[in-house]
Amino acid sequence: MKRNITHVAVLGSGIMGSRIACHFANIGVNVLLLDIVPKELSEEEKKRGITTDSPLFKNRIVDSALQSTLKANPSSIYKRSFASRIKTGNFSDHMKDIASCDWIIEVVVENLEIKKKVFEEVEKYRKPGTLITSNTSGIPIHLMSDGRSEDFQKHFCGTHFFNPPRYLRLLEIIPGPKTDPAVIEFLMGYGDKFLGKETVPCKDTPAFIANRIGVFSIMSLFHLIEKMGLTVDEVDKLTGPILGRPKSATFRTCDVVGLDTLVKVANDLYARCPEDEARNSFMLPDYVKIIADNNWLGDKTGQGFYKKEKSGVKSEILSLDLKTLEYKPKGKVKFATLEQAKAVDNLPDRLKLLVNGQDKAGEFYRTSFYNLFQYVSNRIPEIADHVYLIDDALCAGFGWEMGPFAIWDALGVTDTVKKMEAAGLKPAQWVYDFIASGKTTFLSSANGARTYYNISAKTYQTVPGSEQKIYLDVSRNKTVWKNSGCSLIDIGDGVLNLEFRTKMNTIGGEIVEGMNMAIETAEKDFRGLVIGNEAQNFSAGANLAMIFMMATDQEWDEIDMAIRVFQNMNMRVRYSSIPVVVAPRGLSLGGGCEMSLHADKIVAAAETYIGMVEFGVGLIPGGGGSKEFALRASDSFTPNNIDEQVLREYFLTIGMAKVSTSAHEAFDLKILKSGHDEVVLNLSRQISEAKRAVLEMADAGYVRPVERRDIKVLGKSALGMIYAGASIMKSGNYISEHDQLISEKLAFVMCGGDLSAPTLVSEKYLLELEREAFLSLCGERKTLERIQSILTTGKPLRN
């Protein structure tokens, strides 16, 4: 049957329930969020004269939970107005309303009996054929569906979202014994295409896939740390970004998630996995037991493995000494292996260096990796039949850049197995059969799709669904051209992709060269161009270090040329003879934002944090961004609008260095164009969606745009308004004298100079004003101080 999901009921409004509700609201679905009725009136309710019949009382729990989630930072909702899609209610009065819902998701407390009572109520009102799923993180699916009707069991399964649902991409789908395969197929596709998830089918085994492996990894580390005498600070340095893992690493992650959550899962795994050869790894070390008994659970109790201590206006982060269980100032971590690894950008190469380290760090990496490799090899086919499922689950659920089998591949399977044997950590027999067959990697690629070694079939097969997506890593064998900072890749059907590969994808000479080569090549032999990458961030903007160096050396002609080249590059993006689509994701700041503004279309990842932040370093957007916002303001002028007020809105977006907290918020900032630019939730689909947009424009008969000469600028009238506003802000000490100067420079550009009356001007005219303003600010001492602060400390300076 064809399914359309327009209304979803979420039963349970705790942290996960409210956040799941928010994520469905993010994608445009109407949500009914329900929870229990409070047991009695609060003292505050009694004072206000609220009765037990009042909705204010009955919905207190659900309303309070939702508001708490909406106020939390980072936000669970893309845009505050999206919260209007969520309607709250209670189980007593509104359970009947689930009859109009297409999908019912249970997210109540992890207690089988309570869940069964909820499902009993659901059966009274749920219409046949409606999807019914549980967000359980470990209760067996078959136990929850016992005793339910045939139709209920047919449409029931587990849908395990990871917290927070907006940011963590994993959605585990766990069928029950009687689940209709069509239901699983639908949820796999829906989670991928609409919820933006990496959907992973799981078996109904304890903790499913990600938590089974992830918690084993953490618990085995806990034991290894105790044995090696490593500190909290050392472990988090060893297991963070240097390893391709989140900044929160190990112990900070425990504090964020809550040690009680980890302890609960570990205890549950120990109890439910008597046949697990590594079962003892799930036993809590003594120091973890004491910390848990002390209720040092992390952020939720104010202290855990770390503790923030305030002294007057200052605060200091202390870390726990695992031997004395006393908090001490964080210590500096020094390992020779780590120092060597810092210079290696490529993660697979860096992992080889780390594992071969001859110090304590190297020993730590060898032991932890070999333990992990042995464990994941033994979990097939218990928890998953295929290696890629384990890797996908760990990467999407725990934020790992590379999963266990990909890491094993990078280190060399055969060589690593020999070292594992020497360490007494032999892998499963199927690994030896794999090596004997002459195969060398568990994961590979073919014809643009991801492939994996199928253990039972003893051959490589395509990862389901990967043929519909574009993976730049997989397509590198189709590189058309490259330099040290970017690669031009043929992604099929006459479309090229320009991928940045500089540090933080900053824009310098290599990117400019690549951009010009990409457009030149595409105009000659291809149908269009995508500018996008698979890095965490699209671009952190222009190369500030280069600008700072030239400014301190007073090489004004060089700066002028650099700005001119950057402007020309972006204008070429706008006025090429082929369609150009930019696909930003993550940080897309400064020059990265300006480049996006000049594209024929933006296909942004939902998690795009985009804005022109040049004010923070004492500059204005100099790559055409100031010009572009003046142009967009002009296009927004109507007889019913006050032109100065429209211009002021665009001016403040730059002047306040506003950055969107999501792609949807970027529409409000006028960076993305409503009804034109697109948002993609699933990162692995972004490049393919950008390619589709290119082909649609090409098929429609793309024609090179005509350069604009009809931009209405307001001259002195608007200039006076902005100057006056900046002066008032300075008088009130809201901005500094240098902020006022930058504001006036930006105003001069966006108003078209001090023209005596509103005038129509060209893009070229505005670009010249923009370049002059940027160049003059480069000569200001306070601007150089701001740039230096960002380069040396990473923090903005207010001067």
# chains A, B, ... in the order shown; residues from 1 in each chain; ligands from 1
$ residues_around --residues "Gly89 (chain A)" --least-positions-apart "5" --cutoff "7 Å" --atoms "only C-alpha atoms" --output "ChimeraX atom specification"
/A:33-35,59,62,94
$ write_last_selection --atoms "C-alpha atoms" --output "compact mmCIF listing (two decimals), in the first residue's frame"
# COMPACT_ATOMS: atom_id res chain seq x y z
CA LEU A 33 2.64 14.78 21.48
CA LEU A 34 0.98 13.05 24.45
CA ASP A 35 1.96 12.19 28.02
CA ASN A 59 -1.19 18.91 30.00
CA VAL A 62 3.76 17.41 28.21
CA HIS A 94 -6.45 12.70 23.63
$ residues_around --residues "region 794-798 of chain A" --least-positions-apart "6" --cutoff "8 Å" --atoms "only C-alpha atoms" --output "PDB file with N, CA and C atoms, in the first residue's frame"
ATOM      1  N   GLY A 616      33.362  40.407  12.368  1.00  0.00           N
ATOM      2  CA  GLY A 616      34.072  39.920  13.545  1.00  0.00           C
ATOM      3  C   GLY A 616      35.577  40.068  13.449  1.00  0.00           C
ATOM      4  N   VAL A 617      36.093  40.185  12.225  1.00  0.00           N
ATOM      5  CA  VAL A 617      37.540  40.384  12.052  1.00  0.00           C
ATOM      6  C   VAL A 617      37.829  41.777  11.499  1.00  0.00           C
ATOM      7  N   SER A 736      31.786  49.458  19.495  1.00  0.00           N
ATOM      8  CA  SER A 736      33.014  50.232  19.683  1.00  0.00           C
ATOM      9  C   SER A 736      33.180  51.241  18.551  1.00  0.00           C
ATOM     10  N   GLU A 785      44.397  43.622  14.575  1.00  0.00           N
ATOM     11  CA  GLU A 785      44.347  43.028  15.915  1.00  0.00           C
ATOM     12  C   GLU A 785      43.241  41.973  15.987  1.00  0.00           C
ATOM     13  N   ARG A 786      42.116  42.269  15.342  1.00  0.00           N
ATOM     14  CA  ARG A 786      41.001  41.306  15.343  1.00  0.00           C
ATOM     15  C   ARG A 786      41.369  40.043  14.562  1.00  0.00           C
TER      16      ARG A 786
END
$ select_by_dssp --residues "region 311-373 of chain A" --states "strand (DSSP E or B)" --output "count of residues only"
11
$ atom_distance --atom1 "CA of Leu168 (chain A)" --atom2 "CA of Val256 (chain A)"
13.9 Å
$ closest_atom_pairs --of "region 556-655 of chain A" --to "region 190-204 of chain A" --cutoff "12 Å" --atoms "only C-alpha atoms" --output "tab-separated table"
residue	atom	partner	partner_atom	distance
A:Ala605	CA	A:Gly196	CA	9.7
A:Ala606	CA	A:Gly196	CA	8.9
A:Glu607	CA	A:Gly196	CA	10.6
$ write_last_selection --atoms "C-alpha atoms" --output "PDB file, in the first residue's frame"
ATOM      1  CA  ALA A 605      22.266  20.434   3.956  1.00  0.00           C
ATOM      2  CA  ALA A 606      19.743  20.993   6.751  1.00  0.00           C
ATOM      3  CA  GLU A 607      22.661  21.400   9.154  1.00  0.00           C
TER       4      GLU A 607
END
$ closest_residue --among "A:Val109, A:Ile742, A:Leu187, A:Val122" --to "Ile5 (chain A)" --atoms "only C-alpha atoms"
A:Leu187
$ residues_around --residues "region 268-281 of chain A" --least-positions-apart "4" --cutoff "8 Å" --atoms "only C-alpha atoms" --output "list in words"
Pro206, Ala207, Arg212, Phe216, Met219, Ser220, His223, Lys264 and Tyr375 of chain A
$ residues_around --residues "Arg3 (chain A)" --least-positions-apart "3" --cutoff "12 Å" --atoms "only C-alpha atoms" --output "PDB file with N, CA, C and O atoms, in the first residue's frame"
ATOM      1  N   THR A   6       1.571  12.286   7.126  1.00  0.00           N
ATOM      2  CA  THR A   6       1.254  13.705   7.350  1.00  0.00           C
ATOM      3  C   THR A   6       1.021  14.003   8.829  1.00  0.00           C
ATOM      4  O   THR A   6       1.199  15.140   9.255  1.00  0.00           O
ATOM      5  N   HIS A   7       0.614  12.974   9.578  1.00  0.00           N
ATOM      6  CA  HIS A   7       0.359  13.146  11.013  1.00  0.00           C
ATOM      7  C   HIS A   7       1.024  12.014  11.793  1.00  0.00           C
ATOM      8  O   HIS A   7       0.835  10.833  11.462  1.00  0.00           O
ATOM      9  N   CYS A 101      -3.849   9.518  12.952  1.00  0.00           N
ATOM     10  CA  CYS A 101      -2.405   9.565  12.693  1.00  0.00           C
ATOM     11  C   CYS A 101      -1.954   8.423  11.787  1.00  0.00           C
ATOM     12  O   CYS A 101      -2.525   7.330  11.803  1.00  0.00           O
ATOM     13  N   ASP A 102      -0.914   8.694  11.020  1.00  0.00           N
ATOM     14  CA  ASP A 102      -0.378   7.701  10.085  1.00  0.00           C
ATOM     15  C   ASP A 102       0.722   6.850  10.712  1.00  0.00           C
ATOM     16  O   ASP A 102       1.057   5.785  10.188  1.00  0.00           O
ATOM     17  N   TRP A 103       1.304   7.354  11.784  1.00  0.00           N
ATOM     18  CA  TRP A 103       2.411   6.646  12.440  1.00  0.00           C
ATOM     19  C   TRP A 103       2.356   6.993  13.920  1.00  0.00           C
ATOM     20  O   TRP A 103       2.273   8.170  14.293  1.00  0.00           O
ATOM     21  N   GLY A 129      -3.815  -0.864   9.969  1.00  0.00           N
ATOM     22  CA  GLY A 129      -2.864  -0.477   8.935  1.00  0.00           C
ATOM     23  C   GLY A 129      -1.923   0.638   9.340  1.00  0.00           C
ATOM     24  O   GLY A 129      -0.931   0.904   8.653  1.00  0.00           O
ATOM     25  N   THR A 130      -2.214   1.311  10.470  1.00  0.00           N
ATOM     26  CA  THR A 130      -1.357   2.405  10.932  1.00  0.00           C
ATOM     27  C   THR A 130      -0.037   1.860  11.484  1.00  0.00           C
ATOM     28  O   THR A 130      -0.026   0.865  12.208  1.00  0.00           O
ATOM     29  N   LEU A 131       1.049   2.511  11.153  1.00  0.00           N
ATOM     30  CA  LEU A 131       2.353   2.115  11.670  1.00  0.00           C
ATOM     31  C   LEU A 131       2.393   2.354  13.172  1.00  0.00           C
ATOM     32  O   LEU A 131       1.945   3.397  13.662  1.00  0.00           O
ATOM     33  N   ALA A 182       7.126  -5.303   4.190  1.00  0.00           N
ATOM     34  CA  ALA A 182       6.833  -4.044   3.493  1.00  0.00           C
ATOM     35  C   ALA A 182       6.906  -2.858   4.457  1.00  0.00           C
ATOM     36  O   ALA A 182       7.248  -1.741   4.046  1.00  0.00           O
ATOM     37  N   VAL A 183       6.593  -3.093   5.716  1.00  0.00           N
ATOM     38  CA  VAL A 183       6.684  -2.032   6.730  1.00  0.00           C
ATOM     39  C   VAL A 183       8.145  -1.651   6.939  1.00  0.00           C
ATOM     40  O   VAL A 183       8.490  -0.467   7.000  1.00  0.00           O
ATOM     41  N   GLU A 185      10.605  -2.102   4.823  1.00  0.00           N
ATOM     42  CA  GLU A 185      11.075  -1.458   3.589  1.00  0.00           C
ATOM     43  C   GLU A 185      10.647   0.008   3.543  1.00  0.00           C
ATOM     44  O   GLU A 185      11.430   0.883   3.182  1.00  0.00           O
ATOM     45  N   PHE A 186       9.390   0.274   3.936  1.00  0.00           N
ATOM     46  CA  PHE A 186       8.902   1.656   3.940  1.00  0.00           C
ATOM     47  C   PHE A 186       9.682   2.516   4.927  1.00  0.00           C
ATOM     48  O   PHE A 186      10.120   3.618   4.594  1.00  0.00           O
ATOM     49  N   LEU A 187       9.863   2.017   6.148  1.00  0.00           N
ATOM     50  CA  LEU A 187      10.551   2.800   7.172  1.00  0.00           C
ATOM     51  C   LEU A 187      12.020   3.031   6.819  1.00  0.00           C
ATOM     52  O   LEU A 187      12.567   4.107   7.110  1.00  0.00           O
ATOM     53  N   GLY A 189      13.206   3.401   3.805  1.00  0.00           N
ATOM     54  CA  GLY A 189      13.211   4.453   2.793  1.00  0.00           C
ATOM     55  C   GLY A 189      12.795   5.797   3.342  1.00  0.00           C
ATOM     56  O   GLY A 189      13.389   6.831   3.011  1.00  0.00           O
ATOM     57  N   TYR A 190      11.781   5.802   4.202  1.00  0.00           N
ATOM     58  CA  TYR A 190      11.286   7.068   4.767  1.00  0.00           C
ATOM     59  C   TYR A 190      12.350   7.711   5.655  1.00  0.00           C
ATOM     60  O   TYR A 190      12.582   8.924   5.600  1.00  0.00           O
TER      61      TYR A 190
END
$ atom_distance --atom1 "CA of Pro74 (chain A)" --atom2 "CA of Ser662 (chain A)"
11.0 Å
$ residues_around --residues "Lys691 (chain A)" --least-positions-apart "4" --cutoff "12 Å" --atoms "only C-alpha atoms" --output "JSON list (two decimals) with N, CA and C atoms, in the first residue's frame"
[["chain", "number", "residue", "atom", "x", "y", "z"],
["A", 468, "GLN", "N", 22.11, 4.87, -5.58],
["A", 468, "GLN", "CA", 21.29, 6.06, -5.80],
["A", 468, "GLN", "C", 21.95, 7.34, -5.28],
["A", 469, "LYS", "N", 23.10, 7.19, -4.64],
["A", 469, "LYS", "CA", 23.78, 8.32, -4.03],
["A", 469, "LYS", "C", 25.13, 8.54, -4.69],
["A", 470, "ILE", "N", 25.70, 9.70, -4.47],
["A", 470, "ILE", "CA", 27.02, 10.00, -5.01],
["A", 470, "ILE", "C", 27.98, 10.17, -3.84],
["A", 490, "ASP", "N", 34.32, 13.99, -12.21],
["A", 490, "ASP", "CA", 33.19, 13.70, -13.09],
["A", 490, "ASP", "C", 32.20, 12.83, -12.31],
["A", 491, "ILE", "N", 31.01, 13.37, -12.01],
["A", 491, "ILE", "CA", 30.02, 12.60, -11.23],
["A", 491, "ILE", "C", 28.91, 12.04, -12.12],
["A", 492, "GLY", "N", 29.17, 12.03, -13.43],
["A", 492, "GLY", "CA", 28.25, 11.36, -14.34],
["A", 492, "GLY", "C", 27.21, 12.27, -14.97],
["A", 493, "ASP", "N", 26.67, 11.82, -16.10],
["A", 493, "ASP", "CA", 25.60, 12.51, -16.83],
["A", 493, "ASP", "C", 25.99, 13.93, -17.24],
["A", 494, "GLY", "N", 27.29, 14.13, -17.47],
["A", 494, "GLY", "CA", 27.74, 15.43, -17.94],
["A", 494, "GLY", "C", 27.87, 16.49, -16.86],
["A", 495, "VAL", "N", 28.00, 16.06, -15.61],
["A", 495, "VAL", "CA", 28.11, 17.01, -14.50],
["A", 495, "VAL", "C", 29.44, 16.81, -13.77],
["A", 496, "LEU", "N", 30.09, 17.93, -13.46],
["A", 496, "LEU", "CA", 31.33, 17.91, -12.69],
["A", 496, "LEU", "C", 31.06, 18.33, -11.26],
["A", 497, "ASN", "N", 31.91, 17.91, -10.34],
["A", 497, "ASN", "CA", 31.86, 18.37, -8.95],
["A", 497, "ASN", "C", 33.23, 18.90, -8.54],
["A", 498, "LEU", "N", 33.26, 20.13, -8.04],
["A", 498, "LEU", "CA", 34.49, 20.70, -7.52],
["A", 498, "LEU", "C", 34.50, 20.53, -6.01],
["A", 527, "ARG", "N", 27.77, 19.62, -18.92],
["A", 527, "ARG", "CA", 26.46, 20.29, -18.87],
["A", 527, "ARG", "C", 26.30, 21.21, -17.67],
["A", 528, "GLY", "N", 27.10, 21.00, -16.63],
["A", 528, "GLY", "CA", 26.95, 21.84, -15.45],
["A", 528, "GLY", "C", 27.94, 21.47, -14.37],
["A", 529, "LEU", "N", 27.88, 22.21, -13.27],
["A", 529, "LEU", "CA", 28.87, 22.08, -12.19],
["A", 529, "LEU", "C", 28.21, 22.11, -10.82],
["A", 530, "VAL", "N", 28.63, 21.20, -9.95],
["A", 530, "VAL", "CA", 28.28, 21.23, -8.54],
["A", 530, "VAL", "C", 29.53, 21.62, -7.77],
["A", 531, "ILE", "N", 29.39, 22.50, -6.79],
["A", 531, "ILE", "CA", 30.49, 22.85, -5.90],
["A", 531, "ILE", "C", 30.10, 22.32, -4.52],
["A", 532, "GLY", "N", 30.73, 21.24, -4.10],
["A", 532, "GLY", "CA", 30.37, 20.63, -2.82],
["A", 532, "GLY", "C", 31.41, 19.63, -2.39],
["A", 579, "PRO", "N", 24.86, 25.84, -15.79],
["A", 579, "PRO", "CA", 24.29, 25.99, -14.45],
["A", 579, "PRO", "C", 25.28, 25.56, -13.37],
["A", 580, "VAL", "N", 25.38, 26.36, -12.31],
["A", 580, "VAL", "CA", 26.28, 26.07, -11.19],
["A", 580, "VAL", "C", 25.45, 25.99, -9.91],
["A", 581, "VAL", "N", 25.56, 24.86, -9.23],
["A", 581, "VAL", "CA", 24.85, 24.66, -7.95],
["A", 581, "VAL", "C", 25.88, 24.50, -6.85],
["A", 582, "VAL", "N", 25.70, 25.26, -5.75],
["A", 582, "VAL", "CA", 26.58, 25.14, -4.60],
["A", 582, "VAL", "C", 25.86, 24.33, -3.52],
["A", 583, "ALA", "N", 26.59, 23.41, -2.88],
["A", 583, "ALA", "CA", 25.99, 22.51, -1.89],
["A", 583, "ALA", "C", 26.68, 22.69, -0.54],
["A", 601, "LYS", "N", 21.76, 28.08, -7.98],
["A", 601, "LYS", "CA", 20.89, 27.51, -6.95],
["A", 601, "LYS", "C", 21.75, 27.00, -5.82],
["A", 602, "ILE", "N", 21.22, 27.08, -4.60],
["A", 602, "ILE", "CA", 21.87, 26.49, -3.43],
["A", 602, "ILE", "C", 21.06, 25.25, -3.03],
["A", 603, "VAL", "N", 21.76, 24.13, -2.88],
["A", 603, "VAL", "CA", 21.14, 22.91, -2.34],
["A", 603, "VAL", "C", 21.87, 22.64, -1.02],
["A", 685, "ARG", "N", 22.85, 12.23, 0.50],
["A", 685, "ARG", "CA", 22.08, 12.49, -0.72],
["A", 685, "ARG", "C", 22.33, 13.89, -1.27],
["A", 686, "GLN", "N", 23.11, 14.70, -0.57],
["A", 686, "GLN", "CA", 23.23, 16.10, -0.96],
["A", 686, "GLN", "C", 23.86, 16.30, -2.34],
["A", 687, "ILE", "N", 24.97, 15.62, -2.62],
["A", 687, "ILE", "CA", 25.63, 15.80, -3.91],
["A", 687, "ILE", "C", 24.74, 15.31, -5.05],
["A", 695, "LEU", "N", 21.03, 19.26, -13.62],
["A", 695, "LEU", "CA", 20.46, 18.66, -14.82],
["A", 695, "LEU", "C", 19.08, 19.23, -15.15],
["A", 696, "GLU", "N", 18.30, 19.55, -14.12],
["A", 696, "GLU", "CA", 16.98, 20.16, -14.37],
["A", 696, "GLU", "C", 17.13, 21.49, -15.09],
["A", 697, "MET", "N", 18.10, 22.30, -14.64],
["A", 697, "MET", "CA", 18.33, 23.59, -15.30],
["A", 697, "MET", "C", 18.88, 23.41, -16.71],
["A", 698, "ALA", "N", 19.78, 22.45, -16.86],
["A", 698, "ALA", "CA", 20.35, 22.20, -18.19],
["A", 698, "ALA", "C", 19.27, 21.71, -19.15]]
$ select_by_dssp --residues "region 169-307 of chain A" --states "helix (DSSP H, G or I)" --output "ChimeraX atom specification"
/A:181-193,210-228,232-238,241-243,251-257,259-272,279-282,286-293,299-301
$ atom_distance --atom1 "CA of Ala449 (chain A)" --atom2 "CA of Met515 (chain A)"
26.4 Å
$ residues_around --residues "Ile184 (chain A)" --least-positions-apart "4" --cutoff "9 Å" --atoms "only C-alpha atoms" --output "JSON, numbers by chain"
{"A": [155, 157, 173, 174, 175, 179, 180, 188, 189, 201]}
$ closest_residue --among "A:Leu631, A:Leu652, A:Ile291, A:Ile711" --to "Gly725 (chain A)" --atoms "only C-alpha atoms"
A:Leu652
$ residues_around --residues "Leu56 (chain A)" --least-positions-apart "6" --cutoff "10 Å" --atoms "only C-alpha atoms" --output "ChimeraX atom specification"
/A:45,50,63
$ closest_residue --among "A:Ala518, A:Ala292, A:Ala599, A:Leu669" --to "Pro584 (chain A)" --atoms "only C-alpha atoms"
A:Ala599
$ closest_atom_pairs --of "region 383-471 of chain A" --to "region 352-357 of chain A" --cutoff "12 Å" --atoms "only C-alpha atoms" --output "JSON lines"
{"residue": "A:Ile407", "atom": "CA", "partner": "A:Lys352", "partner_atom": "CA", "distance": 9.2}
{"residue": "A:Trp408", "atom": "CA", "partner": "A:Lys352", "partner_atom": "CA", "distance": 10.0}
{"residue": "A:Asp409", "atom": "CA", "partner": "A:Lys352", "partner_atom": "CA", "distance": 10.6}
{"residue": "A:Ala410", "atom": "CA", "partner": "A:Lys352", "partner_atom": "CA", "distance": 7.4}
{"residue": "A:Leu411", "atom": "CA", "partner": "A:Lys352", "partner_atom": "CA", "distance": 5.7}
{"residue": "A:Gly412", "atom": "CA", "partner": "A:Lys352", "partner_atom": "CA", "distance": 9.1}
{"residue": "A:Asp415", "atom": "CA", "partner": "A:Lys352", "partner_atom": "CA", "distance": 11.7}
{"residue": "A:Thr416", "atom": "CA", "partner": "A:Val355", "partner_atom": "CA", "distance": 10.1}
{"residue": "A:Lys419", "atom": "CA", "partner": "A:Val355", "partner_atom": "CA", "distance": 11.0}
$ closest_residue --among "A:Gln374, A:Thr250, A:Thr231, A:Asn516" --to "Lys323 (chain A)" --atoms "only C-alpha atoms"
A:Thr231
